[in-house]
Amino acid sequence: MTTIHEGFLIFFMIFGASQIIYGLIYLLKKNGLTLAKKHYQFLLPNATDKQIKNKIYTILLTGIAFFILAIQAYFSQQFPVVLATLVLVLFVLSAAVDAFRYKRWQAIVVFLIDAALLATFLIFT
């Protein structure tokens, strides 16, 4: 495993863990839905509870995917380029769906940042 792979693994682990923590907080706290609405207000200003819950589930699943990827690579000491690419592509597709669904400049910026992450990954691995 190269230093670049290790850097991506650290990012994947931290990002995945943070997504899992936020997702669980939003799902398990009594006022979790209110917190999520406040947090994603820039993206979904008039969101229904169902839309917010879908966003929370997406966050949680994304976090689990990144975290499992990082843990698997750490213990096997091999960087799974194909699996990492698949997880990143799904992550970018999720952001693209949000950008097209909500048609807000903030969602488009999030998509562009995620796409830049994927491009960086593809260039350096």
# chains A, B, ... in the order shown; residues from 1 in each chain; ligands from 1

call {"tool": "residues_around", "arguments": {"residues": "segment 90-94 of chain A", "least_positions_apart": "4", "cutoff": "10 Å", "atoms": "only C-alpha atoms", "output": "PyMOL selection string"}}
result
chain A and resi 55+58-59+61-63+65-66+84-86+98-99+110-118

call {"tool": "write_last_selection", "arguments": {"atoms": "N, CA and C atoms", "output": "CSV table (one decimal), in the first residue's frame"}}
result
chain,number,residue,atom,x,y,z
A,55,LYS,N,-32.5,11.5,3.5
A,55,LYS,CA,-31.1,12.1,3.5
A,55,LYS,C,-30.3,11.5,4.7
A,58,THR,N,-29.3,8.0,3.7
A,58,THR,CA,-28.2,8.1,2.7
A,58,THR,C,-26.9,8.4,3.4
A,59,ILE,N,-26.9,9.3,4.3
A,59,ILE,CA,-25.7,9.7,5.1
A,59,ILE,C,-25.1,8.5,5.8
A,61,LEU,N,-25.7,5.2,5.3
A,61,LEU,CA,-25.2,4.2,4.4
A,61,LEU,C,-23.9,4.6,3.8
A,62,THR,N,-23.7,5.8,3.4
A,62,THR,CA,-22.5,6.3,2.9
A,62,THR,C,-21.4,6.1,3.9
A,63,GLY,N,-21.7,6.5,5.1
A,63,GLY,CA,-20.7,6.4,6.2
A,63,GLY,C,-20.2,5.0,6.4
A,65,ALA,N,-20.4,2.5,4.3
A,65,ALA,CA,-19.6,2.0,3.1
A,65,ALA,C,-18.2,2.5,3.2
A,66,PHE,N,-17.9,3.8,3.5
A,66,PHE,CA,-16.6,4.3,3.6
A,66,PHE,C,-15.8,3.7,4.7
A,84,ALA,N,-13.0,0.9,-3.7
A,84,ALA,CA,-13.0,2.3,-3.4
A,84,ALA,C,-13.5,3.1,-4.5
A,85,THR,N,-13.2,2.8,-5.7
A,85,THR,CA,-13.8,3.5,-6.9
A,85,THR,C,-15.3,3.4,-6.9
A,86,LEU,N,-15.8,2.2,-6.7
A,86,LEU,CA,-17.2,2.0,-6.7
A,86,LEU,C,-17.9,2.8,-5.6
A,98,ASP,N,-29.1,14.5,-5.7
A,98,ASP,CA,-29.5,15.7,-4.9
A,98,ASP,C,-29.4,17.0,-5.7
A,99,ALA,N,-28.4,17.1,-6.5
A,99,ALA,CA,-28.2,18.4,-7.3
A,99,ALA,C,-29.4,18.5,-8.3
A,110,VAL,N,-21.9,21.0,-3.7
A,110,VAL,CA,-21.6,19.7,-3.0
A,110,VAL,C,-21.3,18.7,-4.1
A,111,PHE,N,-22.0,18.6,-5.1
A,111,PHE,CA,-21.8,17.6,-6.2
A,111,PHE,C,-20.4,17.8,-6.8
A,112,LEU,N,-20.1,19.1,-7.1
A,112,LEU,CA,-18.8,19.4,-7.8
A,112,LEU,C,-17.6,19.1,-6.8
A,113,ILE,N,-17.8,19.3,-5.6
A,113,ILE,CA,-16.7,18.9,-4.6
A,113,ILE,C,-16.5,17.4,-4.6
A,114,ASP,N,-17.7,16.7,-4.5
A,114,ASP,CA,-17.6,15.2,-4.5
A,114,ASP,C,-17.0,14.7,-5.8
A,115,ALA,N,-17.3,15.3,-6.9
A,115,ALA,CA,-16.8,14.9,-8.2
A,115,ALA,C,-15.3,15.2,-8.2
A,116,ALA,N,-14.8,16.3,-7.7
A,116,ALA,CA,-13.4,16.6,-7.6
A,116,ALA,C,-12.7,15.6,-6.7
A,117,LEU,N,-13.3,15.1,-5.7
A,117,LEU,CA,-12.7,14.1,-4.8
A,117,LEU,C,-12.5,12.8,-5.6
A,118,LEU,N,-13.5,12.4,-6.4
A,118,LEU,CA,-13.4,11.2,-7.2
A,118,LEU,C,-12.3,11.4,-8.3

call {"tool": "select_by_dssp", "arguments": {"residues": "chain A", "states": "alpha helix (DSSP H)", "output": "VMD selection string"}}
result
chain A and resid 3 to 28 32 to 39 49 to 76 81 to 102 105 to 124

call {"tool": "atom_distance", "arguments": {"atom1": "atom CA of Ile123 of chain A", "atom2": "atom CA of Leu60 of chain A"}}
result
27.3 Å

call {"tool": "closest_residue", "arguments": {"among": "A:Ala36, A:Ile52, A:Leu69, A:Met1", "to": "Phe15 of chain A", "atoms": "only C-alpha atoms"}}
result
A:Leu69

call {"tool": "closest_atom_pairs", "arguments": {"of": "segment 5-58 of chain A", "to": "segment 101-106 of chain A", "cutoff": "12 Å", "atoms": "only C-alpha atoms", "output": "Markdown table"}}
result
| residue | atom | partner | partner_atom | distance |
| --- | --- | --- | --- | --- |
| A:Tyr40 | CA | A:Gln106 | CA | 10.4 |
| A:Gln41 | CA | A:Gln106 | CA | 10.4 |
| A:Phe42 | CA | A:Gln106 | CA | 6.9 |
| A:Leu43 | CA | A:Gln106 | CA | 6.2 |
| A:Leu44 | CA | A:Tyr102 | CA | 7.2 |
| A:Pro45 | CA | A:Tyr102 | CA | 9.6 |
| A:Asn46 | CA | A:Tyr102 | CA | 10.5 |
| A:Ala47 | CA | A:Tyr102 | CA | 10.0 |
| A:Gln51 | CA | A:Tyr102 | CA | 10.9 |

call {"tool": "write_last_selection", "arguments": {"atoms": "N, CA and C atoms", "output": "PDB file, in the first residue's frame"}}
result
ATOM      1  N   TYR A  40     -29.414  20.576   7.312  1.00  0.00           N
ATOM      2  CA  TYR A  40     -29.562  20.502   5.856  1.00  0.00           C
ATOM      3  C   TYR A  40     -30.501  21.549   5.295  1.00  0.00           C
ATOM      4  N   GLN A  41     -30.753  22.589   6.047  1.00  0.00           N
ATOM      5  CA  GLN A  41     -31.632  23.669   5.618  1.00  0.00           C
ATOM      6  C   GLN A  41     -31.130  24.324   4.332  1.00  0.00           C
ATOM      7  N   PHE A  42     -29.824  24.434   4.181  1.00  0.00           N
ATOM      8  CA  PHE A  42     -29.265  25.054   2.965  1.00  0.00           C
ATOM      9  C   PHE A  42     -29.581  24.227   1.731  1.00  0.00           C
ATOM     10  N   LEU A  43     -29.714  22.911   1.915  1.00  0.00           N
ATOM     11  CA  LEU A  43     -29.944  22.014   0.800  1.00  0.00           C
ATOM     12  C   LEU A  43     -31.437  21.779   0.573  1.00  0.00           C
ATOM     13  N   LEU A  44     -32.151  21.644   1.661  1.00  0.00           N
ATOM     14  CA  LEU A  44     -33.580  21.317   1.596  1.00  0.00           C
ATOM     15  C   LEU A  44     -34.378  22.307   2.450  1.00  0.00           C
ATOM     16  N   PRO A  45     -34.589  23.505   1.974  1.00  0.00           N
ATOM     17  CA  PRO A  45     -35.209  24.534   2.817  1.00  0.00           C
ATOM     18  C   PRO A  45     -36.635  24.215   3.257  1.00  0.00           C
ATOM     19  N   ASN A  46     -37.419  23.554   2.442  1.00  0.00           N
ATOM     20  CA  ASN A  46     -38.804  23.239   2.786  1.00  0.00           C
ATOM     21  C   ASN A  46     -39.026  21.728   2.780  1.00  0.00           C
ATOM     22  N   ALA A  47     -38.080  21.009   3.334  1.00  0.00           N
ATOM     23  CA  ALA A  47     -38.114  19.552   3.259  1.00  0.00           C
ATOM     24  C   ALA A  47     -39.176  18.952   4.166  1.00  0.00           C
ATOM     25  N   GLN A  51     -38.303  13.405   3.353  1.00  0.00           N
ATOM     26  CA  GLN A  51     -37.095  13.794   2.623  1.00  0.00           C
ATOM     27  C   GLN A  51     -35.881  13.849   3.556  1.00  0.00           C
TER      28      GLN A  51
END

call {"tool": "residues_around", "arguments": {"residues": "Leu27 of chain A", "least_positions_apart": "5", "cutoff": "9 Å", "atoms": "only C-alpha atoms", "output": "ChimeraX atom specification"}}
result
/A:22,32-33,53,56-57

call {"tool": "write_last_selection", "arguments": {"atoms": "C-alpha atoms", "output": "PDB file, in the first residue's frame"}}
result
ATOM      1  CA  TYR A  22     -24.199  12.137  12.442  1.00  0.00           C
ATOM      2  CA  GLY A  32     -32.769  14.324  15.759  1.00  0.00           C
ATOM      3  CA  LEU A  33     -35.084  15.119  12.880  1.00  0.00           C
ATOM      4  CA  LYS A  53     -35.176  10.821   6.792  1.00  0.00           C
ATOM      5  CA  ILE A  56     -30.235  10.708   6.957  1.00  0.00           C
ATOM      6  CA  TYR A  57     -30.368   7.127   5.658  1.00  0.00           C
TER       7      TYR A  57
END
